[in-house]
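The structure appears below as structure tokens.
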Amino acid sequence: MSGLSEVYVHDRTTQQACNQFCNAFPETHVDYSATVFWMTGLSGAGKTTLAYAAARNLASAGHAVQVFDGDELRQTISKDLGFSHADRAEHIRRVARLVENTAKRGIISICSLITPTEAHREIVQTILPQANVVYVACSLQLCEQRDVKGLYATVRSGKITDYTGVSAPFEIPRSPDCTLETVVESVETSCARLEKYILSRAIL
């Protein structure tokens, strides 16, 4: 891909800044299988770490990349939502609409959201047909040991209910396009595999 090359992280930054980034690229007819990489897995599995690491490496190689961090976006576009099945579905729908704006311009869009059920993943596929599902596989025990964001501790204290893996189910994707075994792989190995997969799909 020629032209502007950078990582744009869609978190607490403004929609105007996102639009300015996207406007550097004309809309194309690239299908979502070449631009959208939707990472699903338990909190603490390593989705966000891998998304940022892969994005930075891809950007350094000259590719335009945007990261969508579900937890960060809960502080902006979804600050009115909780963790119920219905609220998660609405959060996923809102993020997918944001992704649509970048992906249709040929920008590699890496999304890090738990997306716990097949019904939630179907929402993604309805808005972004043929988007790649990347399953970040890790045991609940290890995820809770990591607890980088302190969410499991908050759940165990009773301050958050309906939390995936603890008080709400996580359904393993039936047929993910790519699986990263972070329970046994190093960050470097998983990141390299993710980058290789993205490059095998993306139109560059």
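Ligands are numbered from 1 in the order shown, chains are lettered A, B, ... in the order of the structure tokens, and residues start at 1 in each chain.
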I'd like the neighbourhood of stretch 52-60 of chain A as a PDB file with N, CA, C and O atoms, in the first residue's frame, where a residue qualifies if any of its atoms comes within 10 Å (using only C-alpha atoms), though same-chain residues fewer than 3 positions away should be ignored.
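Output (around18.pdb):
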ATOM      1  N   LEU A   4       0.183   7.366   2.971  1.00  0.00           N
ATOM      2  CA  LEU A   4       0.399   7.538   4.400  1.00  0.00           C
ATOM      3  C   LEU A   4       0.583   6.199   5.092  1.00  0.00           C
ATOM      4  O   LEU A   4      -0.101   5.241   4.819  1.00  0.00           O
ATOM      5  N   SER A   5       1.534   6.146   5.982  1.00  0.00           N
ATOM      6  CA  SER A   5       1.805   4.916   6.720  1.00  0.00           C
ATOM      7  C   SER A   5       1.966   5.251   8.196  1.00  0.00           C
ATOM      8  O   SER A   5       2.893   5.931   8.582  1.00  0.00           O
ATOM      9  N   GLU A   6       1.042   4.782   9.003  1.00  0.00           N
ATOM     10  CA  GLU A   6       1.151   4.988  10.442  1.00  0.00           C
ATOM     11  C   GLU A   6       0.151   4.100  11.149  1.00  0.00           C
ATOM     12  O   GLU A   6      -0.731   3.515  10.541  1.00  0.00           O
ATOM     13  N   VAL A   7       0.330   3.976  12.461  1.00  0.00           N
ATOM     14  CA  VAL A   7      -0.661   3.280  13.270  1.00  0.00           C
ATOM     15  C   VAL A   7      -1.587   4.339  13.852  1.00  0.00           C
ATOM     16  O   VAL A   7      -1.130   5.276  14.496  1.00  0.00           O
ATOM     17  N   TYR A   8      -2.866   4.181  13.629  1.00  0.00           N
ATOM     18  CA  TYR A   8      -3.817   5.089  14.266  1.00  0.00           C
ATOM     19  C   TYR A   8      -4.607   4.261  15.257  1.00  0.00           C
ATOM     20  O   TYR A   8      -5.322   3.333  14.880  1.00  0.00           O
ATOM     21  N   VAL A   9      -4.457   4.552  16.537  1.00  0.00           N
ATOM     22  CA  VAL A   9      -5.149   3.804  17.574  1.00  0.00           C
ATOM     23  C   VAL A   9      -6.448   4.525  17.907  1.00  0.00           C
ATOM     24  O   VAL A   9      -6.434   5.657  18.385  1.00  0.00           O
ATOM     25  N   LYS A  47      -4.936 -10.285  23.427  1.00  0.00           N
ATOM     26  CA  LYS A  47      -5.457  -9.679  22.191  1.00  0.00           C
ATOM     27  C   LYS A  47      -4.873  -8.293  21.942  1.00  0.00           C
ATOM     28  O   LYS A  47      -4.353  -8.003  20.860  1.00  0.00           O
ATOM     29  N   THR A  48      -4.987  -7.424  22.928  1.00  0.00           N
ATOM     30  CA  THR A  48      -4.561  -6.035  22.754  1.00  0.00           C
ATOM     31  C   THR A  48      -3.045  -5.933  22.608  1.00  0.00           C
ATOM     32  O   THR A  48      -2.539  -5.179  21.759  1.00  0.00           O
ATOM     33  N   THR A  49      -2.325  -6.681  23.401  1.00  0.00           N
ATOM     34  CA  THR A  49      -0.854  -6.682  23.303  1.00  0.00           C
ATOM     35  C   THR A  49      -0.417  -7.071  21.902  1.00  0.00           C
ATOM     36  O   THR A  49       0.443  -6.415  21.286  1.00  0.00           O
ATOM     37  N   HIS A  63       2.912  -0.079   5.999  1.00  0.00           N
ATOM     38  CA  HIS A  63       1.492  -0.333   5.805  1.00  0.00           C
ATOM     39  C   HIS A  63       0.641   0.574   6.705  1.00  0.00           C
ATOM     40  O   HIS A  63       1.053   0.893   7.822  1.00  0.00           O
ATOM     41  N   ALA A  64      -0.501   0.983   6.227  1.00  0.00           N
ATOM     42  CA  ALA A  64      -1.433   1.781   7.032  1.00  0.00           C
ATOM     43  C   ALA A  64      -2.261   0.841   7.891  1.00  0.00           C
ATOM     44  O   ALA A  64      -2.891  -0.087   7.385  1.00  0.00           O
ATOM     45  N   VAL A  65      -2.254   1.097   9.183  1.00  0.00           N
ATOM     46  CA  VAL A  65      -2.906   0.193  10.132  1.00  0.00           C
ATOM     47  C   VAL A  65      -3.693   1.004  11.149  1.00  0.00           C
ATOM     48  O   VAL A  65      -3.260   2.083  11.573  1.00  0.00           O
ATOM     49  N   GLN A  66      -4.839   0.471  11.546  1.00  0.00           N
ATOM     50  CA  GLN A  66      -5.604   1.085  12.621  1.00  0.00           C
ATOM     51  C   GLN A  66      -5.986   0.014  13.625  1.00  0.00           C
ATOM     52  O   GLN A  66      -6.406  -1.080  13.264  1.00  0.00           O
ATOM     53  N   VAL A  67      -5.804   0.322  14.908  1.00  0.00           N
ATOM     54  CA  VAL A  67      -6.156  -0.596  15.986  1.00  0.00           C
ATOM     55  C   VAL A  67      -7.429  -0.114  16.665  1.00  0.00           C
ATOM     56  O   VAL A  67      -7.556   1.069  16.997  1.00  0.00           O
ATOM     57  N   PHE A  68      -8.350  -1.041  16.901  1.00  0.00           N
ATOM     58  CA  PHE A  68      -9.577  -0.743  17.632  1.00  0.00           C
ATOM     59  C   PHE A  68      -9.557  -1.549  18.926  1.00  0.00           C
ATOM     60  O   PHE A  68      -9.662  -2.775  18.906  1.00  0.00           O
ATOM     61  N   ASP A  69      -9.377  -0.873  20.035  1.00  0.00           N
ATOM     62  CA  ASP A  69      -9.281  -1.506  21.349  1.00  0.00           C
ATOM     63  C   ASP A  69     -10.639  -1.402  22.034  1.00  0.00           C
ATOM     64  O   ASP A  69     -11.093  -0.317  22.402  1.00  0.00           O
ATOM     65  N   ILE A 108      -5.594  -1.605   6.964  1.00  0.00           N
ATOM     66  CA  ILE A 108      -5.614  -2.807   7.791  1.00  0.00           C
ATOM     67  C   ILE A 108      -6.192  -2.444   9.156  1.00  0.00           C
ATOM     68  O   ILE A 108      -5.674  -1.566   9.849  1.00  0.00           O
ATOM     69  N   SER A 109      -7.275  -3.100   9.533  1.00  0.00           N
ATOM     70  CA  SER A 109      -7.981  -2.784  10.772  1.00  0.00           C
ATOM     71  C   SER A 109      -7.907  -3.978  11.712  1.00  0.00           C
ATOM     72  O   SER A 109      -8.484  -5.032  11.436  1.00  0.00           O
ATOM     73  N   ILE A 110      -7.189  -3.811  12.831  1.00  0.00           N
ATOM     74  CA  ILE A 110      -7.023  -4.886  13.809  1.00  0.00           C
ATOM     75  C   ILE A 110      -7.888  -4.550  15.021  1.00  0.00           C
ATOM     76  O   ILE A 110      -7.718  -3.502  15.644  1.00  0.00           O
ATOM     77  N   CYS A 111      -8.806  -5.441  15.342  1.00  0.00           N
ATOM     78  CA  CYS A 111      -9.803  -5.168  16.382  1.00  0.00           C
ATOM     79  C   CYS A 111      -9.596  -6.114  17.559  1.00  0.00           C
ATOM     80  O   CYS A 111      -9.477  -7.325  17.370  1.00  0.00           O
ATOM     81  N   SER A 112      -9.560  -5.563  18.751  1.00  0.00           N
ATOM     82  CA  SER A 112      -9.350  -6.352  19.960  1.00  0.00           C
ATOM     83  C   SER A 112     -10.576  -6.234  20.861  1.00  0.00           C
ATOM     84  O   SER A 112     -10.716  -5.264  21.608  1.00  0.00           O
ATOM     85  N   VAL A 187       4.928 -14.033  23.348  1.00  0.00           N
ATOM     86  CA  VAL A 187       4.335 -12.882  22.656  1.00  0.00           C
ATOM     87  C   VAL A 187       4.969 -12.730  21.279  1.00  0.00           C
ATOM     88  O   VAL A 187       4.278 -12.475  20.283  1.00  0.00           O
ATOM     89  N   GLU A 188       6.280 -12.908  21.219  1.00  0.00           N
ATOM     90  CA  GLU A 188       6.997 -12.741  19.951  1.00  0.00           C
ATOM     91  C   GLU A 188       6.531 -13.753  18.914  1.00  0.00           C
ATOM     92  O   GLU A 188       6.325 -13.405  17.740  1.00  0.00           O
ATOM     93  N   SER A 190       3.588 -15.455  18.829  1.00  0.00           N
ATOM     94  CA  SER A 190       2.206 -15.179  18.439  1.00  0.00           C
ATOM     95  C   SER A 190       2.119 -13.952  17.549  1.00  0.00           C
ATOM     96  O   SER A 190       1.347 -13.922  16.578  1.00  0.00           O
ATOM     97  N   CYS A 191       2.903 -12.922  17.877  1.00  0.00           N
ATOM     98  CA  CYS A 191       2.889 -11.693  17.083  1.00  0.00           C
ATOM     99  C   CYS A 191       3.383 -11.968  15.665  1.00  0.00           C
ATOM    100  O   CYS A 191       2.795 -11.503  14.691  1.00  0.00           O
ATOM    101  N   ALA A 192       4.451 -12.749  15.549  1.00  0.00           N
ATOM    102  CA  ALA A 192       4.990 -13.075  14.229  1.00  0.00           C
ATOM    103  C   ALA A 192       3.978 -13.862  13.409  1.00  0.00           C
ATOM    104  O   ALA A 192       3.817 -13.625  12.199  1.00  0.00           O
ATOM    105  N   ARG A 193       3.266 -14.760  14.051  1.00  0.00           N
ATOM    106  CA  ARG A 193       2.246 -15.544  13.354  1.00  0.00           C
ATOM    107  C   ARG A 193       1.084 -14.660  12.920  1.00  0.00           C
ATOM    108  O   ARG A 193       0.540 -14.836  11.824  1.00  0.00           O
ATOM    109  N   LEU A 194       0.699 -13.718  13.781  1.00  0.00           N
ATOM    110  CA  LEU A 194      -0.383 -12.803  13.432  1.00  0.00           C
ATOM    111  C   LEU A 194       0.008 -11.935  12.244  1.00  0.00           C
ATOM    112  O   LEU A 194      -0.773 -11.776  11.294  1.00  0.00           O
ATOM    113  N   GLU A 195       1.193 -11.376  12.279  1.00  0.00           N
ATOM    114  CA  GLU A 195       1.662 -10.545  11.172  1.00  0.00           C
ATOM    115  C   GLU A 195       1.704 -11.343   9.871  1.00  0.00           C
ATOM    116  O   GLU A 195       1.287 -10.847   8.813  1.00  0.00           O
ATOM    117  N   LYS A 196       2.215 -12.553   9.930  1.00  0.00           N
ATOM    118  CA  LYS A 196       2.297 -13.401   8.737  1.00  0.00           C
ATOM    119  C   LYS A 196       0.909 -13.658   8.170  1.00  0.00           C
ATOM    120  O   LYS A 196       0.703 -13.597   6.949  1.00  0.00           O
ATOM    121  N   ILE A 198      -1.838 -11.769   8.597  1.00  0.00           N
ATOM    122  CA  ILE A 198      -2.373 -10.518   8.046  1.00  0.00           C
ATOM    123  C   ILE A 198      -1.791 -10.251   6.666  1.00  0.00           C
ATOM    124  O   ILE A 198      -2.518  -9.910   5.709  1.00  0.00           O
ATOM    125  N   LEU A 199      -0.491 -10.414   6.545  1.00  0.00           N
ATOM    126  CA  LEU A 199       0.152 -10.145   5.256  1.00  0.00           C
ATOM    127  C   LEU A 199      -0.282 -11.128   4.181  1.00  0.00           C
ATOM    128  O   LEU A 199      -0.286 -10.801   2.986  1.00  0.00           O
TER     129      LEU A 199
END
(request) Using backbone DSSP assignments, extract all helix (DSSP H, G or I) residues from chain A; output them as a PyMOL selection string. (result) chain A and resi 15-22+32-34+47-60+70-73+85-103+118-127+140-146+151-156+187-201
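Pairwise distance (atom CA of A:Ala89, atom CA of A:Thr102) equals 20.6 Å.
Residue nearest A:Ile172, chosen from A:Thr40, A:Gln75, A:Leu142, A:Lys159 and counting only C-alpha atoms: A:Thr40.
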(message) Among chain A, which ones does DSSP assign to strand (DSSP E or B) (computed from the backbone)? Answer as a PyMOL selection string.
(response) chain A and resi 7-10+36-40+65-69+108-112+132-137+164+168+178-181
Those residues with N, CA and C atoms, as a PDB file, in the first residue's frame please?
ATOM      1  N   VAL A   7       0.330   3.976  12.461  1.00  0.00           N
ATOM      2  CA  VAL A   7      -0.661   3.280  13.270  1.00  0.00           C
ATOM      3  C   VAL A   7      -1.587   4.339  13.852  1.00  0.00           C
ATOM      4  N   TYR A   8      -2.866   4.181  13.629  1.00  0.00           N
ATOM      5  CA  TYR A   8      -3.817   5.089  14.266  1.00  0.00           C
ATOM      6  C   TYR A   8      -4.607   4.261  15.257  1.00  0.00           C
ATOM      7  N   VAL A   9      -4.457   4.552  16.537  1.00  0.00           N
ATOM      8  CA  VAL A   9      -5.149   3.804  17.574  1.00  0.00           C
ATOM      9  C   VAL A   9      -6.448   4.525  17.907  1.00  0.00           C
ATOM     10  N   HIS A  10      -7.564   3.863  17.647  1.00  0.00           N
ATOM     11  CA  HIS A  10      -8.853   4.500  17.890  1.00  0.00           C
ATOM     12  C   HIS A  10      -9.275   4.210  19.317  1.00  0.00           C
ATOM     13  N   VAL A  36      -9.935  -6.611   7.542  1.00  0.00           N
ATOM     14  CA  VAL A  36     -10.425  -6.662   8.930  1.00  0.00           C
ATOM     15  C   VAL A  36      -9.959  -7.944   9.619  1.00  0.00           C
ATOM     16  N   PHE A  37      -9.311  -7.760  10.782  1.00  0.00           N
ATOM     17  CA  PHE A  37      -8.806  -8.879  11.570  1.00  0.00           C
ATOM     18  C   PHE A  37      -9.365  -8.715  12.990  1.00  0.00           C
ATOM     19  N   TRP A  38     -10.419  -9.468  13.269  1.00  0.00           N
ATOM     20  CA  TRP A  38     -11.183  -9.303  14.508  1.00  0.00           C
ATOM     21  C   TRP A  38     -10.702 -10.335  15.529  1.00  0.00           C
ATOM     22  N   MET A  39     -10.009  -9.869  16.566  1.00  0.00           N
ATOM     23  CA  MET A  39      -9.414 -10.740  17.567  1.00  0.00           C
ATOM     24  C   MET A  39     -10.389 -10.982  18.712  1.00  0.00           C
ATOM     25  N   THR A  40     -10.701 -12.251  18.953  1.00  0.00           N
ATOM     26  CA  THR A  40     -11.631 -12.636  20.001  1.00  0.00           C
ATOM     27  C   THR A  40     -10.933 -13.554  20.998  1.00  0.00           C
ATOM     28  N   VAL A  65      -2.254   1.097   9.183  1.00  0.00           N
ATOM     29  CA  VAL A  65      -2.906   0.193  10.132  1.00  0.00           C
ATOM     30  C   VAL A  65      -3.693   1.004  11.149  1.00  0.00           C
ATOM     31  N   GLN A  66      -4.839   0.471  11.546  1.00  0.00           N
ATOM     32  CA  GLN A  66      -5.604   1.085  12.621  1.00  0.00           C
ATOM     33  C   GLN A  66      -5.986   0.014  13.625  1.00  0.00           C
ATOM     34  N   VAL A  67      -5.804   0.322  14.908  1.00  0.00           N
ATOM     35  CA  VAL A  67      -6.156  -0.596  15.986  1.00  0.00           C
ATOM     36  C   VAL A  67      -7.429  -0.114  16.665  1.00  0.00           C
ATOM     37  N   PHE A  68      -8.350  -1.041  16.901  1.00  0.00           N
ATOM     38  CA  PHE A  68      -9.577  -0.743  17.632  1.00  0.00           C
ATOM     39  C   PHE A  68      -9.557  -1.549  18.926  1.00  0.00           C
ATOM     40  N   ASP A  69      -9.377  -0.873  20.035  1.00  0.00           N
ATOM     41  CA  ASP A  69      -9.281  -1.506  21.349  1.00  0.00           C
ATOM     42  C   ASP A  69     -10.639  -1.402  22.034  1.00  0.00           C
ATOM     43  N   ILE A 108      -5.594  -1.605   6.964  1.00  0.00           N
ATOM     44  CA  ILE A 108      -5.614  -2.807   7.791  1.00  0.00           C
ATOM     45  C   ILE A 108      -6.192  -2.444   9.156  1.00  0.00           C
ATOM     46  N   SER A 109      -7.275  -3.100   9.533  1.00  0.00           N
ATOM     47  CA  SER A 109      -7.981  -2.784  10.772  1.00  0.00           C
ATOM     48  C   SER A 109      -7.907  -3.978  11.712  1.00  0.00           C
ATOM     49  N   ILE A 110      -7.189  -3.811  12.831  1.00  0.00           N
ATOM     50  CA  ILE A 110      -7.023  -4.886  13.809  1.00  0.00           C
ATOM     51  C   ILE A 110      -7.888  -4.550  15.021  1.00  0.00           C
ATOM     52  N   CYS A 111      -8.806  -5.441  15.342  1.00  0.00           N
ATOM     53  CA  CYS A 111      -9.803  -5.168  16.382  1.00  0.00           C
ATOM     54  C   CYS A 111      -9.596  -6.114  17.559  1.00  0.00           C
ATOM     55  N   SER A 112      -9.560  -5.563  18.751  1.00  0.00           N
ATOM     56  CA  SER A 112      -9.350  -6.352  19.960  1.00  0.00           C
ATOM     57  C   SER A 112     -10.576  -6.234  20.861  1.00  0.00           C
ATOM     58  N   ASN A 132     -11.927 -11.467   9.036  1.00  0.00           N
ATOM     59  CA  ASN A 132     -11.148 -12.568   9.601  1.00  0.00           C
ATOM     60  C   ASN A 132     -11.347 -12.669  11.111  1.00  0.00           C
ATOM     61  N   VAL A 133     -11.667 -13.856  11.579  1.00  0.00           N
ATOM     62  CA  VAL A 133     -11.787 -14.096  13.017  1.00  0.00           C
ATOM     63  C   VAL A 133     -10.486 -14.696  13.512  1.00  0.00           C
ATOM     64  N   VAL A 134      -9.816 -13.971  14.415  1.00  0.00           N
ATOM     65  CA  VAL A 134      -8.554 -14.431  14.990  1.00  0.00           C
ATOM     66  C   VAL A 134      -8.820 -14.794  16.445  1.00  0.00           C
ATOM     67  N   TYR A 135      -8.743 -16.082  16.751  1.00  0.00           N
ATOM     68  CA  TYR A 135      -9.008 -16.555  18.110  1.00  0.00           C
ATOM     69  C   TYR A 135      -7.719 -16.590  18.919  1.00  0.00           C
ATOM     70  N   VAL A 136      -7.681 -15.818  19.990  1.00  0.00           N
ATOM     71  CA  VAL A 136      -6.527 -15.800  20.883  1.00  0.00           C
ATOM     72  C   VAL A 136      -6.855 -16.727  22.052  1.00  0.00           C
ATOM     73  N   ALA A 137      -6.284 -17.920  22.007  1.00  0.00           N
ATOM     74  CA  ALA A 137      -6.644 -18.984  22.941  1.00  0.00           C
ATOM     75  C   ALA A 137      -5.754 -18.971  24.178  1.00  0.00           C
ATOM     76  N   THR A 164     -17.416 -12.160  31.161  1.00  0.00           N
ATOM     77  CA  THR A 164     -17.057 -13.332  30.378  1.00  0.00           C
ATOM     78  C   THR A 164     -15.998 -14.193  31.055  1.00  0.00           C
ATOM     79  N   ALA A 168     -20.320 -15.201  32.977  1.00  0.00           N
ATOM     80  CA  ALA A 168     -20.970 -15.242  31.667  1.00  0.00           C
ATOM     81  C   ALA A 168     -20.103 -16.116  30.765  1.00  0.00           C
ATOM     82  N   CYS A 178      -7.798 -17.899  12.090  1.00  0.00           N
ATOM     83  CA  CYS A 178      -6.441 -17.991  12.625  1.00  0.00           C
ATOM     84  C   CYS A 178      -6.545 -18.180  14.135  1.00  0.00           C
ATOM     85  N   THR A 179      -5.731 -19.070  14.686  1.00  0.00           N
ATOM     86  CA  THR A 179      -5.723 -19.296  16.131  1.00  0.00           C
ATOM     87  C   THR A 179      -4.320 -19.056  16.673  1.00  0.00           C
ATOM     88  N   LEU A 180      -4.238 -18.252  17.717  1.00  0.00           N
ATOM     89  CA  LEU A 180      -2.967 -17.953  18.371  1.00  0.00           C
ATOM     90  C   LEU A 180      -3.015 -18.547  19.776  1.00  0.00           C
ATOM     91  N   GLU A 181      -2.123 -19.471  20.071  1.00  0.00           N
ATOM     92  CA  GLU A 181      -2.132 -20.190  21.355  1.00  0.00           C
ATOM     93  C   GLU A 181      -1.241 -19.467  22.363  1.00  0.00           C
TER      94      GLU A 181
END
